[in-house]
Amino acid sequence: MGALASDQRARVRVVREPPPADPGADDAIVRSVRQFAHRQLDPLKLDREGRIPPEVLDGLRQLGVFGLTLPEAHGGVGASLSLATRVIAALAETDRSVATTVGLHLGLGSRGLVRYGDPALQAELLPGLASGAMVAAFATTEPGAGSDLSKLLTRVTAAGGELVVNGEKAYVTNGGLAGVVTVTAASPGDGSLERGMAMIAIPTATKGVTRGAEERKLGLRASSTTAFHFDEAKVPRRHLLGDPSTGKAQLEHCLAWGRTLMSAGCLGAATAALARAREHVAFRRQFGRTLGEQPVVRGQLAASTVRLEAMDALVAAAAAQDDDAALHRWSVSAKVFCSEEGTFVIDTAVQLHGAAGFLENSGMPLMLRDVRVTRIFEGANDVLLTHAGALELQNPVQLGGLPEPARLLAERVARRVARLRAQLGVRAFRRPELLHQLGQVVVWRDAVVAGCRRIGDPAWQRVLGREASAAVRAAERRLHPADDLARVLGGAR
Amino acid sequence: MTITPDANWEARMLELIAEVSVMKVEQIRPEHRLREDLGMDSVCSLELISMLAEEFGLDISVEEAAGVTTVAAAIAMARRHLLAGAVPVAAARSA
């Protein structure tokens, strides 16, 4: 591993010159990753085999992507979240499983260690992670607990100079590849530990750590997903990442990175899907002209095009936030918007391919299967929408100087917040259905604001504005009175 | 029956706080800060005040709730509202 690591550092240095602050260097990194993915990755084969073969992992190591956001002092490239989103999008243009594997390693897998890790622990683990000799994973979801991070059953206690971890984690992306996994656990205040929520970096070779079998999945089949079981797994105290008393904020920082990088994966996949749809409709003729000349098809392409640009702008806006609270908010909107609208773009692309889009060999079904989970993992969208609504209600965002479509949505959000505050006061926080609905307007507002800030063309802004307005109205119509729900669900018809 | 500020409703409040925090009810003390000590984020602490408002039938604005950062402050706020008008439990529950 030592020889490999130093060899990797040499390669990374090559990739890094000229320095990454130079946008030209960033562009070169993104270009080389895109080229690698295009030449070396065969998504249908990866999907069939259900794993990333060793030679592809080696290629990714040589490319230096595993060290992209890891500190230079430990053999990484020290790149920003912004550059990382561009690299993940470039990978996802060709293969979503590989993009997910690398994105998870850079974000949730290693972020806690990079930002909160003890220096001695960093020196021990980061060089291997930076070279890709070791892959990182992140384990928080528990069987049966889903997205509720406040009720962790996994426990960490202090015994002597060690931490002892007990519990079970499910759906761990990169589980089968991982050499180290960051685990969230409740720390109940035993010993000298602070109470709270802790993140602990646990090498997977630790005694008491058991890995479950590879899960069989709808999509992202070449990426690894396993469960983990921790039975009196002991690690030295320095494996505790940061301070458990502020563990939730630290966890939120890592989750925000994860959401932003996942959003970038949606962006890359949707970019590829739309490009292929455009190519298809440019050649396929029906009723005497190409599909691309049919008004209905043009409308669908435009709806996808404005969404894609808005996704791009939203991911860039999220990744550019230095402040944790701002990163948190933007990453929530980016995650929900990019997964929902990425699905829309890919589904539209399948539709525009006609029957050919239903055949696995076209590659379109794989894109559809791969995108499905993005609305579920990294915080299920319905949970995040409710959260986005709660954040807005708590602390409404003030936006000025917006172009018309963005201004209209911002006003809609503001009116809704004012009404909820006046009618329900603090009790509105116990009305998830109202927060969820507010969240949908918030997410579209953020997408339209980011999109309109980037693209000044009034026609483009109008099309996005109309798409947003239609989506928001649809969401509003879906809010049914509780009495109606009770009758429908109670079978009293 | 009406709720009045006595030891019983304080005990119920602590139960509710324990429900959304990472601590057991017997560990919670008045000086605990909702965020730093009890592991809540800002939205979570507002959800807690919201639960208290529902449980005891209190009308509390978002602004007032946002100013509450400790267990003692939450109890004081609830006491203030309860003393302003004792509310029948049944009415509070169905509100």
# chains A, B, ... in the order shown; residues from 1 in each chain; ligands from 1
$ interface_residues --of "chain B" --to "chain A" --cutoff "10 Å" --atoms "only C-alpha atoms" --output "tab-separated table (two decimals) with N, CA and C atoms, in the first residue's frame"
chain	number	residue	atom	x	y	z
B	19	GLU	N	-38.67	13.02	24.76
B	19	GLU	CA	-39.09	12.33	23.55
B	19	GLU	C	-38.32	12.80	22.31
B	20	VAL	N	-38.04	14.11	22.25
B	20	VAL	CA	-37.36	14.62	21.05
B	20	VAL	C	-35.86	14.82	21.27
B	21	SER	N	-35.39	14.62	22.50
B	21	SER	CA	-33.95	14.79	22.73
B	21	SER	C	-33.27	13.44	22.78
B	22	VAL	N	-31.96	13.46	22.91
B	22	VAL	CA	-31.23	12.19	23.00
B	22	VAL	C	-31.05	11.75	24.45
B	23	MET	N	-31.74	12.45	25.37
B	23	MET	CA	-31.55	12.13	26.80
B	23	MET	C	-32.77	11.46	27.41
B	24	LYS	N	-32.51	10.73	28.48
B	24	LYS	CA	-33.62	10.16	29.25
B	24	LYS	C	-34.20	11.25	30.13
B	27	GLN	N	-32.44	12.48	33.20
B	27	GLN	CA	-31.16	13.18	33.02
B	27	GLN	C	-31.36	14.67	32.72
B	35	ARG	N	-30.16	22.90	22.20
B	35	ARG	CA	-29.29	22.48	21.08
B	35	ARG	C	-28.04	21.77	21.55
B	36	GLU	N	-27.24	22.50	22.35
B	36	GLU	CA	-25.92	21.97	22.70
B	36	GLU	C	-25.99	20.75	23.60
B	37	ASP	N	-26.95	20.78	24.56
B	37	ASP	CA	-27.00	19.69	25.54
B	37	ASP	C	-27.96	18.58	25.13
B	38	LEU	N	-29.04	18.96	24.49
B	38	LEU	CA	-30.07	17.94	24.22
B	38	LEU	C	-30.05	17.47	22.77
B	39	GLY	N	-29.08	17.95	22.00
B	39	GLY	CA	-28.87	17.43	20.65
B	39	GLY	C	-29.94	17.82	19.65
B	40	MET	N	-30.65	18.92	19.91
B	40	MET	CA	-31.68	19.34	18.94
B	40	MET	C	-31.08	20.35	17.96
B	41	ASP	N	-31.59	20.35	16.74
B	41	ASP	CA	-31.23	21.47	15.86
B	41	ASP	C	-32.33	22.51	15.98
B	42	SER	N	-32.20	23.62	15.25
B	42	SER	CA	-33.11	24.74	15.48
B	42	SER	C	-34.55	24.36	15.14
B	43	VAL	N	-34.72	23.57	14.06
B	43	VAL	CA	-36.08	23.18	13.69
B	43	VAL	C	-36.66	22.22	14.74
B	44	CYS	N	-35.80	21.33	15.21
B	44	CYS	CA	-36.23	20.34	16.21
B	44	CYS	C	-36.70	21.05	17.48
B	45	SER	N	-36.00	22.10	17.89
B	45	SER	CA	-36.41	22.79	19.11
B	45	SER	C	-37.75	23.50	18.90
B	46	LEU	N	-38.01	23.96	17.68
B	46	LEU	CA	-39.31	24.57	17.40
B	46	LEU	C	-40.41	23.50	17.38
B	47	GLU	N	-40.06	22.33	16.90
B	47	GLU	CA	-41.03	21.23	16.94
B	47	GLU	C	-41.39	20.90	18.38
B	48	LEU	N	-40.38	20.95	19.24
B	48	LEU	CA	-40.64	20.68	20.66
B	48	LEU	C	-41.63	21.71	21.22
B	49	ILE	N	-41.37	22.99	21.00
B	49	ILE	CA	-42.27	24.03	21.52
B	49	ILE	C	-43.66	23.83	20.92
B	50	SER	N	-43.67	23.41	19.65
B	50	SER	CA	-44.94	23.15	18.99
B	50	SER	C	-45.70	22.01	19.68
B	51	MET	N	-44.96	20.98	20.08
B	51	MET	CA	-45.59	19.86	20.81
B	51	MET	C	-46.16	20.35	22.14
B	52	LEU	N	-45.38	21.19	22.81
B	52	LEU	CA	-45.84	21.72	24.10
B	52	LEU	C	-47.10	22.55	23.90
B	53	ALA	N	-47.10	23.36	22.83
B	53	ALA	CA	-48.25	24.21	22.55
B	53	ALA	C	-49.49	23.37	22.31
B	54	GLU	N	-49.32	22.26	21.58
B	54	GLU	CA	-50.46	21.39	21.31
B	54	GLU	C	-50.93	20.70	22.57
B	57	GLY	N	-52.41	23.34	24.84
B	57	GLY	CA	-53.36	24.27	24.23
B	57	GLY	C	-52.91	25.72	24.31
B	58	LEU	N	-51.65	25.97	24.00
B	58	LEU	CA	-51.12	27.33	24.11
B	58	LEU	C	-50.96	27.96	22.73
B	59	ASP	N	-51.22	29.25	22.65
B	59	ASP	CA	-50.96	29.97	21.41
B	59	ASP	C	-49.62	30.67	21.52
B	60	ILE	N	-48.65	30.13	20.83
B	60	ILE	CA	-47.29	30.67	20.91
B	60	ILE	C	-46.84	31.03	19.51
B	61	SER	N	-46.30	32.22	19.36
B	61	SER	CA	-45.85	32.64	18.03
B	61	SER	C	-44.51	32.00	17.70
B	62	VAL	N	-44.20	31.94	16.41
B	62	VAL	CA	-42.91	31.38	15.99
B	62	VAL	C	-41.77	32.21	16.58
B	63	GLU	N	-41.95	33.54	16.61
B	63	GLU	CA	-40.89	34.42	17.12
B	63	GLU	C	-40.60	34.12	18.59
B	64	GLU	N	-41.67	33.99	19.39
B	64	GLU	CA	-41.46	33.72	20.82
B	64	GLU	C	-40.78	32.36	21.00
B	65	ALA	N	-41.24	31.38	20.24
B	65	ALA	CA	-40.68	30.03	20.37
B	65	ALA	C	-39.20	30.01	19.98
B	66	ALA	N	-38.86	30.82	18.98
B	66	ALA	CA	-37.48	30.82	18.50
B	66	ALA	C	-36.53	31.37	19.56
$ select_by_dssp --residues "range 201-439 of chain A" --states "strand (DSSP E or B)" --output "list in words"
Ala201, Ile202, Pro203, Val209, Thr210, Arg211, Thr225, Thr226, Ala227, Phe228, His229, Phe230, Asp231, Glu232, Ala233, Lys234, Val235, Pro236, Leu240, Leu241, Arg285, Gln286, Arg289 and Thr290 of chain A
$ select_by_dssp --residues "range 114-318 of chain A" --states "helix (DSSP H, G or I)" --output "short mmCIF file (atom, residue, chain, number, x, y, z; two decimals) with N, CA, C and O atoms, in the first residue's frame"
data_model
loop_
_atom_site.label_atom_id
_atom_site.label_comp_id
_atom_site.auth_asym_id
_atom_site.auth_seq_id
_atom_site.Cartn_x
_atom_site.Cartn_y
_atom_site.Cartn_z
N VAL A 114 -12.00 14.28 7.43
CA VAL A 114 -11.23 15.43 6.94
C VAL A 114 -11.50 16.66 7.80
O VAL A 114 -10.60 17.39 8.17
N ARG A 115 -12.76 16.86 8.15
CA ARG A 115 -13.10 18.09 8.85
C ARG A 115 -12.96 17.97 10.37
O ARG A 115 -12.60 18.93 11.03
N TYR A 116 -13.30 16.81 10.91
CA TYR A 116 -13.37 16.71 12.37
C TYR A 116 -12.38 15.71 12.97
O TYR A 116 -12.33 15.54 14.18
N PRO A 119 -5.81 14.70 14.47
CA PRO A 119 -4.66 14.70 13.55
C PRO A 119 -3.97 13.34 13.43
O PRO A 119 -3.57 12.94 12.33
N ALA A 120 -3.85 12.64 14.54
CA ALA A 120 -3.17 11.33 14.49
C ALA A 120 -4.00 10.34 13.67
O ALA A 120 -3.45 9.55 12.90
N LEU A 121 -5.30 10.42 13.83
CA LEU A 121 -6.19 9.53 13.07
C LEU A 121 -6.14 9.87 11.58
O LEU A 121 -6.12 8.99 10.72
N GLN A 122 -6.11 11.18 11.30
CA GLN A 122 -6.01 11.61 9.90
C GLN A 122 -4.73 11.08 9.26
O GLN A 122 -4.75 10.56 8.14
N ALA A 123 -3.64 11.19 10.00
CA ALA A 123 -2.36 10.72 9.46
C ALA A 123 -2.40 9.22 9.19
O ALA A 123 -1.77 8.72 8.27
N GLU A 124 -3.20 8.53 10.00
CA GLU A 124 -3.29 7.09 9.87
C GLU A 124 -4.17 6.68 8.67
O GLU A 124 -3.82 5.78 7.92
N LEU A 125 -5.30 7.38 8.49
CA LEU A 125 -6.28 6.90 7.52
C LEU A 125 -6.32 7.68 6.19
O LEU A 125 -6.65 7.10 5.15
N LEU A 126 -6.05 8.98 6.24
CA LEU A 126 -6.28 9.77 5.03
C LEU A 126 -5.38 9.41 3.84
O LEU A 126 -5.84 9.43 2.70
N PRO A 127 -4.09 9.09 4.07
CA PRO A 127 -3.28 8.74 2.89
C PRO A 127 -3.86 7.57 2.10
O PRO A 127 -3.91 7.61 0.87
N GLY A 128 -4.32 6.55 2.80
CA GLY A 128 -4.91 5.39 2.12
C GLY A 128 -6.20 5.76 1.41
O GLY A 128 -6.50 5.27 0.32
N LEU A 129 -6.99 6.65 2.03
CA LEU A 129 -8.23 7.09 1.40
C LEU A 129 -7.94 7.97 0.19
O LEU A 129 -8.64 7.91 -0.82
N ALA A 130 -6.91 8.80 0.31
CA ALA A 130 -6.58 9.72 -0.79
C ALA A 130 -6.08 8.96 -2.02
O ALA A 130 -6.37 9.34 -3.16
N SER A 131 -5.37 7.87 -1.78
CA SER A 131 -4.86 7.10 -2.92
C SER A 131 -5.95 6.19 -3.48
O SER A 131 -5.85 5.71 -4.60
N LEU A 149 -33.04 10.42 12.32
CA LEU A 149 -31.70 10.40 12.90
C LEU A 149 -31.71 10.69 14.40
O LEU A 149 -30.69 10.59 15.06
N SER A 150 -32.88 11.11 14.90
CA SER A 150 -32.91 11.47 16.32
C SER A 150 -33.07 10.24 17.22
O SER A 150 -32.99 10.33 18.43
N LYS A 151 -33.33 9.11 16.60
CA LYS A 151 -33.60 7.92 17.42
C LYS A 151 -32.62 6.79 17.12
O LYS A 151 -33.02 5.66 16.88
N ARG A 237 -9.98 5.99 21.29
CA ARG A 237 -10.79 7.21 21.44
C ARG A 237 -10.59 8.20 20.31
O ARG A 237 -11.47 8.98 19.98
N ARG A 238 -9.39 8.21 19.72
CA ARG A 238 -9.12 9.20 18.68
C ARG A 238 -9.98 8.95 17.43
O ARG A 238 -10.02 9.79 16.53
N HIS A 239 -10.68 7.82 17.38
CA HIS A 239 -11.55 7.55 16.24
C HIS A 239 -12.89 8.30 16.31
O HIS A 239 -13.68 8.26 15.37
N PRO A 244 -19.19 14.98 20.35
CA PRO A 244 -20.57 14.48 20.32
C PRO A 244 -21.61 15.50 20.77
O PRO A 244 -22.77 15.42 20.38
N SER A 245 -21.20 16.48 21.58
CA SER A 245 -22.20 17.44 22.06
C SER A 245 -22.68 18.34 20.91
O SER A 245 -23.75 18.91 20.96
N THR A 246 -21.87 18.46 19.87
CA THR A 246 -22.32 19.20 18.68
C THR A 246 -22.36 18.25 17.47
O THR A 246 -22.24 18.66 16.33
N GLY A 247 -22.54 16.97 17.82
CA GLY A 247 -22.49 15.93 16.79
C GLY A 247 -23.50 16.13 15.68
O GLY A 247 -23.23 15.84 14.51
N LYS A 248 -24.67 16.64 16.03
CA LYS A 248 -25.71 16.77 15.03
C LYS A 248 -25.31 17.80 13.96
O LYS A 248 -25.53 17.57 12.77
N ALA A 249 -24.71 18.89 14.40
CA ALA A 249 -24.27 19.91 13.45
C ALA A 249 -23.16 19.37 12.54
O ALA A 249 -23.11 19.65 11.35
N GLN A 250 -22.27 18.57 13.16
CA GLN A 250 -21.20 17.97 12.36
C GLN A 250 -21.76 16.98 11.35
O GLN A 250 -21.35 16.95 10.19
N LEU A 251 -22.71 16.19 11.83
CA LEU A 251 -23.37 15.25 10.93
C LEU A 251 -24.04 16.01 9.79
O LEU A 251 -23.94 15.61 8.62
N GLU A 252 -24.70 17.11 10.12
CA GLU A 252 -25.40 17.88 9.09
C GLU A 252 -24.43 18.40 8.03
O GLU A 252 -24.76 18.47 6.86
N HIS A 253 -23.24 18.80 8.46
CA HIS A 253 -22.24 19.25 7.49
C HIS A 253 -21.90 18.12 6.51
O HIS A 253 -21.84 18.32 5.30
N CYS A 254 -21.69 16.92 7.06
CA CYS A 254 -21.35 15.77 6.19
C CYS A 254 -22.52 15.44 5.28
O CYS A 254 -22.33 15.16 4.09
N LEU A 255 -23.73 15.47 5.83
CA LEU A 255 -24.91 15.15 5.01
C LEU A 255 -25.07 16.17 3.88
O LEU A 255 -25.47 15.82 2.77
N ALA A 256 -24.75 17.43 4.18
CA ALA A 256 -24.89 18.48 3.16
C ALA A 256 -23.92 18.22 2.00
O ALA A 256 -24.26 18.39 0.83
N TRP A 257 -22.70 17.80 2.34
CA TRP A 257 -21.75 17.42 1.28
C TRP A 257 -22.30 16.25 0.47
O TRP A 257 -22.25 16.24 -0.75
N GLY A 258 -22.81 15.26 1.19
CA GLY A 258 -23.35 14.08 0.52
C GLY A 258 -24.49 14.45 -0.42
O GLY A 258 -24.53 14.00 -1.57
N ARG A 259 -25.40 15.28 0.06
CA ARG A 259 -26.55 15.67 -0.77
C ARG A 259 -26.10 16.44 -2.01
O ARG A 259 -26.64 16.25 -3.10
N THR A 260 -25.13 17.32 -1.82
CA THR A 260 -24.67 18.14 -2.94
C THR A 260 -23.99 17.27 -4.00
O THR A 260 -24.23 17.44 -5.20
N LEU A 261 -23.17 16.33 -3.55
CA LEU A 261 -22.50 15.45 -4.51
C LEU A 261 -23.48 14.51 -5.20
O LEU A 261 -23.36 14.22 -6.38
N MET A 262 -24.49 14.07 -4.44
CA MET A 262 -25.51 13.22 -5.06
C MET A 262 -26.29 14.01 -6.10
O MET A 262 -26.64 13.50 -7.17
N SER A 263 -26.56 15.27 -5.80
CA SER A 263 -27.27 16.13 -6.75
C SER A 263 -26.45 16.26 -8.04
O SER A 263 -27.01 16.28 -9.14
N ALA A 264 -25.14 16.35 -7.87
CA ALA A 264 -24.27 16.44 -9.04
C ALA A 264 -24.37 15.18 -9.90
O ALA A 264 -24.32 15.24 -11.13
N GLY A 265 -24.53 14.03 -9.23
CA GLY A 265 -24.72 12.79 -9.98
C GLY A 265 -26.00 12.84 -10.80
O GLY A 265 -26.03 12.41 -11.97
N CYS A 266 -27.06 13.37 -10.22
CA CYS A 266 -28.33 13.53 -10.95
C CYS A 266 -28.14 14.43 -12.15
O CYS A 266 -28.66 14.17 -13.24
N LEU A 267 -27.38 15.50 -11.93
CA LEU A 267 -27.12 16.44 -13.01
C LEU A 267 -26.39 15.76 -14.17
O LEU A 267 -26.80 15.90 -15.34
N GLY A 268 -25.34 15.00 -13.84
CA GLY A 268 -24.58 14.33 -14.89
C GLY A 268 -25.43 13.33 -15.66
O GLY A 268 -25.42 13.31 -16.90
N ALA A 269 -26.20 12.52 -14.93
CA ALA A 269 -27.03 11.50 -15.59
C ALA A 269 -28.09 12.16 -16.46
O ALA A 269 -28.34 11.72 -17.60
N ALA A 270 -28.72 13.21 -15.96
CA ALA A 270 -29.78 13.89 -16.73
C ALA A 270 -29.18 14.59 -17.95
O ALA A 270 -29.82 14.64 -19.01
N THR A 271 -27.97 15.10 -17.82
CA THR A 271 -27.29 15.73 -18.95
C THR A 271 -27.13 14.71 -20.08
O THR A 271 -27.42 14.99 -21.25
N ALA A 272 -26.66 13.51 -19.71
CA ALA A 272 -26.45 12.46 -20.71
C ALA A 272 -27.78 12.04 -21.33
O ALA A 272 -27.89 11.85 -22.55
N ALA A 273 -28.81 11.89 -20.49
CA ALA A 273 -30.11 11.43 -20.99
C ALA A 273 -30.68 12.44 -21.98
O ALA A 273 -31.20 12.07 -23.05
N LEU A 274 -30.60 13.72 -21.63
CA LEU A 274 -31.17 14.74 -22.52
C LEU A 274 -30.38 14.81 -23.83
O LEU A 274 -30.97 14.95 -24.91
N ALA A 275 -29.05 14.68 -23.74
CA ALA A 275 -28.23 14.71 -24.95
C ALA A 275 -28.64 13.57 -25.88
O ALA A 275 -28.76 13.74 -27.10
N ARG A 276 -28.88 12.40 -25.29
CA ARG A 276 -29.25 11.25 -26.11
C ARG A 276 -30.65 11.42 -26.69
O ARG A 276 -30.92 11.02 -27.82
N ALA A 277 -31.54 12.01 -25.92
CA ALA A 277 -32.89 12.25 -26.43
C ALA A 277 -32.84 13.23 -27.60
O ALA A 277 -33.51 13.04 -28.63
N ARG A 278 -32.04 14.28 -27.46
CA ARG A 278 -31.92 15.28 -28.54
C ARG A 278 -31.38 14.63 -29.81
O ARG A 278 -31.84 14.90 -30.91
N GLU A 279 -30.38 13.79 -29.62
CA GLU A 279 -29.77 13.09 -30.74
C GLU A 279 -30.82 12.21 -31.44
O GLU A 279 -30.94 12.22 -32.67
N HIS A 280 -31.58 11.50 -30.63
CA HIS A 280 -32.59 10.59 -31.17
C HIS A 280 -33.65 11.35 -31.96
O HIS A 280 -33.97 10.99 -33.10
N VAL A 281 -34.17 12.41 -31.39
CA VAL A 281 -35.28 13.12 -32.05
C VAL A 281 -34.80 13.91 -33.27
O VAL A 281 -35.60 14.26 -34.13
N ALA A 282 -33.49 14.15 -33.34
CA ALA A 282 -32.97 14.87 -34.51
C ALA A 282 -32.98 13.97 -35.75
O ALA A 282 -33.04 14.46 -36.88
N PHE A 283 -32.90 12.65 -35.54
CA PHE A 283 -32.83 11.73 -36.68
C PHE A 283 -34.13 11.00 -36.96
O PHE A 283 -34.48 10.73 -38.09
N LEU A 291 -38.76 14.03 -35.33
CA LEU A 291 -39.46 14.19 -34.04
C LEU A 291 -39.12 15.55 -33.44
O LEU A 291 -39.97 16.20 -32.83
N GLY A 292 -37.87 15.94 -33.62
CA GLY A 292 -37.40 17.19 -33.03
C GLY A 292 -38.10 18.42 -33.59
O GLY A 292 -37.98 19.51 -33.01
N GLU A 293 -38.80 18.24 -34.68
CA GLU A 293 -39.53 19.38 -35.25
C GLU A 293 -41.00 19.41 -34.80
O GLU A 293 -41.72 20.35 -35.10
N PRO A 295 -44.03 20.03 -32.47
CA PRO A 295 -44.22 20.98 -31.36
C PRO A 295 -44.34 20.31 -29.99
O PRO A 295 -43.81 20.83 -29.00
N VAL A 296 -45.02 19.17 -29.94
CA VAL A 296 -45.19 18.51 -28.64
C VAL A 296 -43.83 18.06 -28.10
O VAL A 296 -43.51 18.23 -26.92
N VAL A 297 -43.02 17.50 -29.01
CA VAL A 297 -41.69 17.05 -28.60
C VAL A 297 -40.83 18.24 -28.19
O VAL A 297 -40.10 18.19 -27.19
N ARG A 298 -40.94 19.33 -28.93
CA ARG A 298 -40.15 20.54 -28.61
C ARG A 298 -40.50 21.05 -27.21
O ARG A 298 -39.62 21.47 -26.45
N GLY A 299 -41.78 20.98 -26.89
CA GLY A 299 -42.21 21.41 -25.55
C GLY A 299 -41.59 20.54 -24.47
O GLY A 299 -41.12 21.04 -23.43
N GLN A 300 -41.55 19.23 -24.73
CA GLN A 300 -40.98 18.31 -23.74
C GLN A 300 -39.46 18.52 -23.60
O GLN A 300 -38.92 18.48 -22.50
N LEU A 301 -38.81 18.75 -24.73
CA LEU A 301 -37.36 19.00 -24.69
C LEU A 301 -37.05 20.29 -23.93
O LEU A 301 -36.11 20.37 -23.15
N ALA A 302 -37.89 21.32 -24.18
CA ALA A 302 -37.66 22.60 -23.50
C ALA A 302 -37.88 22.46 -22.00
O ALA A 302 -37.10 22.99 -21.18
N ALA A 303 -38.92 21.69 -21.62
CA ALA A 303 -39.19 21.49 -20.19
C ALA A 303 -37.99 20.80 -19.53
O ALA A 303 -37.62 21.11 -18.40
N SER A 304 -37.38 19.86 -20.25
CA SER A 304 -36.19 19.17 -19.72
C SER A 304 -34.99 20.10 -19.70
O SER A 304 -34.19 20.09 -18.75
N THR A 305 -34.84 20.89 -20.76
CA THR A 305 -33.66 21.76 -20.88
C THR A 305 -33.61 22.80 -19.75
O THR A 305 -32.56 22.99 -19.12
N VAL A 306 -34.75 23.44 -19.47
CA VAL A 306 -34.73 24.46 -18.40
C VAL A 306 -34.50 23.80 -17.04
O VAL A 306 -33.81 24.36 -16.17
N ARG A 307 -35.06 22.60 -16.85
CA ARG A 307 -34.83 21.90 -15.58
C ARG A 307 -33.34 21.55 -15.41
O ARG A 307 -32.78 21.69 -14.33
N LEU A 308 -32.74 21.09 -16.50
CA LEU A 308 -31.34 20.70 -16.43
C LEU A 308 -30.44 21.90 -16.07
O LEU A 308 -29.56 21.80 -15.21
N GLU A 309 -30.69 23.03 -16.70
CA GLU A 309 -29.91 24.24 -16.40
C GLU A 309 -30.14 24.67 -14.95
O GLU A 309 -29.21 25.11 -14.27
N ALA A 310 -31.39 24.56 -14.51
CA ALA A 310 -31.69 24.95 -13.12
C ALA A 310 -30.99 24.00 -12.15
O ALA A 310 -30.48 24.43 -11.10
N MET A 311 -30.94 22.70 -12.49
CA MET A 311 -30.23 21.74 -11.65
C MET A 311 -28.75 22.13 -11.55
O MET A 311 -28.17 22.14 -10.46
N ASP A 312 -28.19 22.45 -12.69
CA ASP A 312 -26.78 22.83 -12.74
C ASP A 312 -26.53 24.07 -11.86
O ASP A 312 -25.60 24.09 -11.03
N ALA A 313 -27.39 25.07 -12.01
CA ALA A 313 -27.22 26.31 -11.25
C ALA A 313 -27.40 26.06 -9.75
O ALA A 313 -26.69 26.63 -8.92
N LEU A 314 -28.35 25.18 -9.42
CA LEU A 314 -28.63 24.90 -8.01
C LEU A 314 -27.48 24.14 -7.36
O LEU A 314 -27.09 24.43 -6.22
N VAL A 315 -26.93 23.17 -8.07
CA VAL A 315 -25.78 22.42 -7.54
C VAL A 315 -24.60 23.36 -7.34
O VAL A 315 -23.93 23.35 -6.30
N ALA A 316 -24.37 24.23 -8.33
CA ALA A 316 -23.25 25.18 -8.23
C ALA A 316 -23.47 26.13 -7.06
O ALA A 316 -22.54 26.44 -6.31
N ALA A 317 -24.72 26.58 -6.87
CA ALA A 317 -25.02 27.49 -5.77
C ALA A 317 -24.79 26.80 -4.43
O ALA A 317 -24.19 27.38 -3.51
N ALA A 318 -25.24 25.55 -4.31
CA ALA A 318 -25.06 24.82 -3.05
C ALA A 318 -23.57 24.63 -2.77
O ALA A 318 -23.09 24.91 -1.67
#
$ residues_around --residues "Pro203 in chain A" --least-positions-apart "6" --cutoff "8 Å" --atoms "only C-alpha atoms" --output "PyMOL selection string"
chain A and resi 179-181
$ write_last_selection --atoms "all heavy atoms" --output "CSV table (one decimal), in the first residue's frame"
chain,number,residue,atom,x,y,z
A,179,GLY,N,-12.9,0.2,3.5
A,179,GLY,CA,-11.8,-0.1,4.5
A,179,GLY,C,-12.1,0.6,5.8
A,179,GLY,O,-11.6,0.2,6.8
A,180,VAL,N,-12.9,1.7,5.7
A,180,VAL,CA,-13.3,2.4,6.9
A,180,VAL,C,-14.7,3.0,6.7
A,180,VAL,O,-15.1,3.4,5.6
A,180,VAL,CB,-12.2,3.6,7.2
A,180,VAL,CG1,-12.2,4.6,6.1
A,180,VAL,CG2,-12.6,4.2,8.5
A,181,VAL,N,-15.4,2.9,7.8
A,181,VAL,CA,-16.8,3.4,7.7
A,181,VAL,C,-17.1,4.4,8.8
A,181,VAL,O,-16.7,4.1,10.0
A,181,VAL,CB,-17.8,2.2,7.7
A,181,VAL,CG1,-17.6,1.3,8.9
A,181,VAL,CG2,-19.2,2.7,7.6
$ residues_around --residues "range 437-442 of chain A" --least-positions-apart "6" --cutoff "6 Å" --atoms "only C-alpha atoms" --output "list in words"
Leu385, Thr386, Ala388, Gly389 and Val472 of chain A
$ write_last_selection --atoms "C-alpha atoms" --output "PDB file, in the first residue's frame"
ATOM      1  CA  LEU A 385     -39.456  18.706   1.784  1.00  0.00           C
ATOM      2  CA  THR A 386     -41.045  18.878   5.220  1.00  0.00           C
ATOM      3  CA  ALA A 388     -37.291  22.637   3.881  1.00  0.00           C
ATOM      4  CA  GLY A 389     -40.729  23.980   4.791  1.00  0.00           C
ATOM      5  CA  VAL A 472     -46.338  24.128  -7.480  1.00  0.00           C
TER       6      VAL A 472
END
$ residues_around --residues "Asp457 in chain A" --least-positions-apart "5" --cutoff "12 Å" --atoms "only C-alpha atoms" --output "PyMOL selection string"
chain A and resi 306+403-405+451-452+462-464
$ residues_around --residues "range 72-80 of chain A" --least-positions-apart "2" --cutoff "6 Å" --atoms "only C-alpha atoms" --output "count of residues only"
10
$ residues_around --residues "His32 in chain B" --least-positions-apart "6" --cutoff "10 Å" --atoms "only C-alpha atoms" --output "list in words"
Leu38, Thr69, Thr70, Val71, Ala72 and Ala73 of chain B
